Structure formats: C-alpha cells, structure tokens
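Notes follow once the structure below has been shown.
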Amino acid sequence: QVQLVESGGGLVQTGGSLRLSCAASGRTFSIYSMGWFRQAPGKEREFVAVITWSGGSTYYADFVKGRFTISRDNATVYLQMNSLKPEDTAVYYCAARPNTGAFGSWGQGTQVTVSS
C-alpha cells in the first residue's frame, strides 16, 4: 500500500500562487507515476497533471499548461500553481499509479480557493 498526504492548499487571490505537496510513504517502489486531480463543487473529478516516478516525464491538462508545474523530489510530489483563477477553486487530490492498472492510492485532498 502507498499512503499519500497532501498539504499546501489555502485561500489566494486571482493571479496568486500556491504550491501543493504530496508526501508518499509505504510501498513507494511500486509507484509508476503520480498525478494531481481536482474536484470543484458540483463537478466531476478531473485530471490536472502527472509525472512518472522514475524519469520525471510530465503531462498536463490543457487548462493548466503554462501555469502549473508538477515536480518530484524524493518521495514528495509538488504542484506549483501560478496565475491562479477563480475557476481553479477545487479540492486537489494526489494519486499514485502502479506499473499496471489505474490510480489506486489517493490522498485526503487539500482545498484551494481562489478569490476574484
């Protein structure tokens, strides 16, 4: 099992920045990639960004390209969020994906609120 704990959410004004952290523990050797997802009130959860555990390859949703950056340092994955917009308001979750299968380990989520 992989345990994930997010932190770094909060309230920020439009145009501001936040950095989210996701600390992984447990069977981290089984992780193939780590991703960030978000869920706004009344909406479905959506993909934000992903990074491979070994090579650091990244991929982003179109709506965050150029504004968000995913990175990894040891067993912690970060999501640097710049130029935040009110529509970025959501609970942000990190998730781990093993070599085969879908994202199966999830953190508890951290709230990001962007005021206009």
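Each chain in the structure tokens gets a letter, A, B, ..., in the order shown, and its residues are numbered from 1; ligands are numbered from 1 in order too.
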List as a short mmCIF file (atom, residue, chain, number, x, y, z; two decimals) with C-alpha atoms, in the first residue's frame the protein and nucleic acid residues near Ala95 of chain A, meaning an atom at most 8 Å away when only C-alpha atoms are counted, but skip any in the same chain fewer than 4 places from it.
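Result file follows (out.cif):
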data_model
loop_
_atom_site.label_atom_id
_atom_site.label_comp_id
_atom_site.auth_asym_id
_atom_site.auth_seq_id
_atom_site.Cartn_x
_atom_site.Cartn_y
_atom_site.Cartn_z
CA LEU A 4 -0.35 9.88 0.39
CA MET A 34 1.94 10.29 -9.55
CA GLY A 35 -0.86 12.59 -10.55
CA TRP A 36 -2.82 15.56 -9.37
CA PHE A 37 -6.57 15.72 -9.84
CA PHE A 103 -4.54 5.34 -9.99
CA GLY A 104 -5.32 3.30 -6.90
CA SER A 105 -3.93 5.23 -3.95
CA TRP A 106 -5.39 8.64 -3.12
CA GLY A 107 -4.69 11.33 -0.60
#
>> Taking the DSSP secondary structure from the backbone, can you list the residues of segment 9-46 of chain A that are strand (DSSP E), as a VMD selection string?
In response: chain A and resid 10 to 13 18 to 26 31 to 39 46
Print the selection's residues with N, CA and C atoms to a file, as a CSV table (one decimal), in the first residue's frame.
chain,number,residue,atom,x,y,z
A,10,GLY,N,-5.1,26.5,0.3
A,10,GLY,CA,-5.4,27.7,1.1
A,10,GLY,C,-6.2,28.6,0.2
A,11,LEU,N,-6.3,29.8,0.7
A,11,LEU,CA,-7.1,30.9,0.0
A,11,LEU,C,-6.1,31.9,-0.6
A,12,VAL,N,-6.3,32.2,-1.9
A,12,VAL,CA,-5.4,33.1,-2.6
A,12,VAL,C,-6.2,33.9,-3.5
A,13,GLN,N,-5.7,35.1,-3.8
A,13,GLN,CA,-6.4,36.0,-4.8
A,13,GLN,C,-6.1,35.6,-6.2
A,18,LEU,N,0.2,29.2,-5.4
A,18,LEU,CA,0.3,28.2,-4.3
A,18,LEU,C,1.1,27.0,-4.7
A,19,ARG,N,1.7,26.4,-3.7
A,19,ARG,CA,2.5,25.1,-4.0
A,19,ARG,C,1.9,24.0,-3.2
A,20,LEU,N,1.4,23.0,-3.8
A,20,LEU,CA,0.8,21.8,-3.1
A,20,LEU,C,1.9,20.8,-3.0
A,21,SER,N,1.9,20.1,-1.9
A,21,SER,CA,2.8,19.0,-1.7
A,21,SER,C,2.1,17.7,-1.5
A,22,CYS,N,2.7,16.6,-1.9
A,22,CYS,CA,2.1,15.3,-1.7
A,22,CYS,C,3.2,14.3,-1.3
A,23,ALA,N,3.2,13.9,0.0
A,23,ALA,CA,4.2,13.1,0.5
A,23,ALA,C,3.8,11.6,0.5
A,24,ALA,N,4.6,10.8,-0.2
A,24,ALA,CA,4.3,9.4,-0.4
A,24,ALA,C,5.1,8.6,0.6
A,25,SER,N,4.4,7.5,1.2
A,25,SER,CA,5.1,6.6,2.1
A,25,SER,C,4.6,5.2,1.8
A,26,GLY,N,5.2,4.2,2.4
A,26,GLY,CA,4.8,2.8,2.2
A,26,GLY,C,5.6,2.2,1.0
A,31,ILE,N,5.4,2.5,-7.2
A,31,ILE,CA,4.8,3.6,-8.0
A,31,ILE,C,5.4,3.8,-9.3
A,32,TYR,N,4.5,3.9,-10.3
A,32,TYR,CA,5.0,4.2,-11.7
A,32,TYR,C,4.8,5.7,-12.0
A,33,SER,N,3.7,6.3,-11.6
A,33,SER,CA,3.5,7.7,-11.8
A,33,SER,C,2.6,8.3,-10.7
A,34,MET,N,2.7,9.6,-10.5
A,34,MET,CA,1.9,10.3,-9.5
A,34,MET,C,1.2,11.4,-10.3
A,35,GLY,N,-0.1,11.6,-9.9
A,35,GLY,CA,-0.9,12.6,-10.6
A,35,GLY,C,-1.6,13.5,-9.6
A,36,TRP,N,-2.0,14.6,-10.1
A,36,TRP,CA,-2.8,15.6,-9.4
A,36,TRP,C,-4.2,15.6,-10.1
A,37,PHE,N,-5.2,15.6,-9.3
A,37,PHE,CA,-6.6,15.7,-9.8
A,37,PHE,C,-7.3,16.8,-9.0
A,38,ARG,N,-8.4,17.3,-9.5
A,38,ARG,CA,-9.2,18.2,-8.7
A,38,ARG,C,-10.7,18.0,-8.9
A,39,GLN,N,-11.4,18.4,-7.9
A,39,GLN,CA,-12.9,18.3,-8.0
A,39,GLN,C,-13.5,19.6,-7.4
A,46,GLU,N,-11.4,15.9,-12.1
A,46,GLU,CA,-10.7,16.0,-13.4
A,46,GLU,C,-9.2,15.9,-13.2
> Which polymer residues have any atom within 9 Å of an atom of Ala61 of chain A, counting only C-alpha atoms, with same-chain residues fewer than 4 positions away left out, as a ChimeraX atom specification?
Replying inline: /A:46-49,65
Using N, CA, C and O atoms, can you write the selected residues to a file as a PDB file, in the first residue's frame?
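Output (part08.pdb):
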ATOM      1  N   GLU A  46     -11.422  15.866 -12.133  1.00  0.00           N
ATOM      2  CA  GLU A  46     -10.728  15.966 -13.415  1.00  0.00           C
ATOM      3  C   GLU A  46      -9.225  15.891 -13.232  1.00  0.00           C
ATOM      4  O   GLU A  46      -8.677  16.274 -12.200  1.00  0.00           O
ATOM      5  N   PHE A  47      -8.571  15.422 -14.276  1.00  0.00           N
ATOM      6  CA  PHE A  47      -7.117  15.293 -14.285  1.00  0.00           C
ATOM      7  C   PHE A  47      -6.481  16.664 -14.416  1.00  0.00           C
ATOM      8  O   PHE A  47      -6.945  17.516 -15.169  1.00  0.00           O
ATOM      9  N   VAL A  48      -5.370  16.851 -13.693  1.00  0.00           N
ATOM     10  CA  VAL A  48      -4.623  18.106 -13.755  1.00  0.00           C
ATOM     11  C   VAL A  48      -3.230  17.896 -14.346  1.00  0.00           C
ATOM     12  O   VAL A  48      -2.859  18.550 -15.317  1.00  0.00           O
ATOM     13  N   ALA A  49      -2.459  16.990 -13.755  1.00  0.00           N
ATOM     14  CA  ALA A  49      -1.081  16.788 -14.198  1.00  0.00           C
ATOM     15  C   ALA A  49      -0.592  15.437 -13.702  1.00  0.00           C
ATOM     16  O   ALA A  49      -1.111  14.895 -12.729  1.00  0.00           O
ATOM     17  N   LYS A  65      -1.713  24.232 -18.629  1.00  0.00           N
ATOM     18  CA  LYS A  65      -0.423  24.357 -19.305  1.00  0.00           C
ATOM     19  C   LYS A  65       0.067  25.800 -19.253  1.00  0.00           C
ATOM     20  O   LYS A  65      -0.675  26.727 -19.528  1.00  0.00           O
TER      21      LYS A  65
END
>> I'd like the contact shell of Gly66 of chain A - 10 Å cut-off, only C-alpha atoms, skipping same-chain residues fewer than 5 positions apart - returned as a PyMOL selection string.
In response: chain A and resi 60+81-83
>> Show me, as a ChimeraX atom specification, the residues that have an atom within 9 Å of Ser116 of chain A when counting only C-alpha atoms, minus same-chain residues fewer than 5 positions from it.
In response: /A:13-14,85-86
Please produce a file of the residues just selected, as a JSON list (two decimals), in the first residue's frame, where the atoms kept are all heavy atoms.
[["chain", "number", "residue", "atom", "x", "y", "z"],
["A", 13, "GLN", "N", -5.71, 35.12, -3.83],
["A", 13, "GLN", "CA", -6.42, 36.00, -4.76],
["A", 13, "GLN", "C", -6.10, 35.61, -6.20],
["A", 13, "GLN", "O", -5.09, 34.95, -6.48],
["A", 13, "GLN", "CB", -6.01, 37.45, -4.51],
["A", 13, "GLN", "CG", -6.51, 38.00, -3.19],
["A", 13, "GLN", "CD", -6.18, 39.48, -3.03],
["A", 13, "GLN", "OE1", -5.24, 39.99, -3.62],
["A", 13, "GLN", "NE2", -6.98, 40.17, -2.23],
["A", 14, "THR", "N", -6.96, 36.04, -7.10],
["A", 14, "THR", "CA", -6.72, 35.82, -8.52],
["A", 14, "THR", "C", -5.34, 36.34, -8.91],
["A", 14, "THR", "O", -4.95, 37.44, -8.53],
["A", 14, "THR", "CB", -7.79, 36.54, -9.35],
["A", 14, "THR", "OG1", -9.07, 35.96, -9.05],
["A", 14, "THR", "CG2", -7.52, 36.37, -10.84],
["A", 85, "LYS", "N", -6.74, 31.26, -11.08],
["A", 85, "LYS", "CA", -8.01, 31.84, -11.49],
["A", 85, "LYS", "C", -9.12, 31.33, -10.57],
["A", 85, "LYS", "O", -8.98, 30.24, -9.99],
["A", 85, "LYS", "CB", -8.34, 31.45, -12.93],
["A", 85, "LYS", "CG", -7.25, 31.76, -13.94],
["A", 85, "LYS", "CD", -7.60, 31.18, -15.30],
["A", 85, "LYS", "CE", -6.50, 31.42, -16.31],
["A", 85, "LYS", "NZ", -6.83, 30.84, -17.63],
["A", 86, "PRO", "N", -10.21, 32.04, -10.46],
["A", 86, "PRO", "CA", -11.32, 31.54, -9.63],
["A", 86, "PRO", "C", -11.78, 30.14, -10.04],
["A", 86, "PRO", "O", -12.18, 29.34, -9.18],
["A", 86, "PRO", "CB", -12.42, 32.58, -9.86],
["A", 86, "PRO", "CG", -11.67, 33.84, -10.14],
["A", 86, "PRO", "CD", -10.47, 33.41, -10.93]]
>> As an exercise, work out the distance from atom CA of Gly8 of chain A to atom CA of Gly42 of chain A in Å and give it to one decimal place.
In response: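 Separation between atom CA of Gly8 of chain A and atom CA of Gly42 of chain A: 22.9 Å.
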>> Which residues are near Phe29 of chain A? Cut-off 10 Å, only C-alpha atoms, ignore same chain within fewer than 6 positions. Put them as a PyMOL selection string.
In response: chain A and resi 2+53-54+75+98
>> As an exercise, work out the distance from atom CA of Gln108 of chain A to atom CA of Gly9 of chain A in Å and give it to one decimal place.
In response: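 Separation between atom CA of Gln108 of chain A and atom CA of Gly9 of chain A: 12.0 Å.
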>> Could you tell me how far atom CA of Leu84 of chain A sits from atom CA of Tyr59 of chain A, in Å to one decimal place?
In response: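 Result for atom CA of Tyr59 of chain A versus atom CA of Leu84 of chain A: 18.8 Å, one decimal.
Proximity ranking of A:Ala102, A:Ala96, A:Val114, A:Ala40 relative to Val77 of chain A places A:Ala96 first, based on only C-alpha atoms.
Of the residues in segment 20-100 of chain A, those that DSSP places in helix (DSSP H, G or I) on the basis of the backbone are Thr28, Phe29, Ser30, Asp62, Phe63, Val64, Pro86, Glu87 and Asp88 of chain A.
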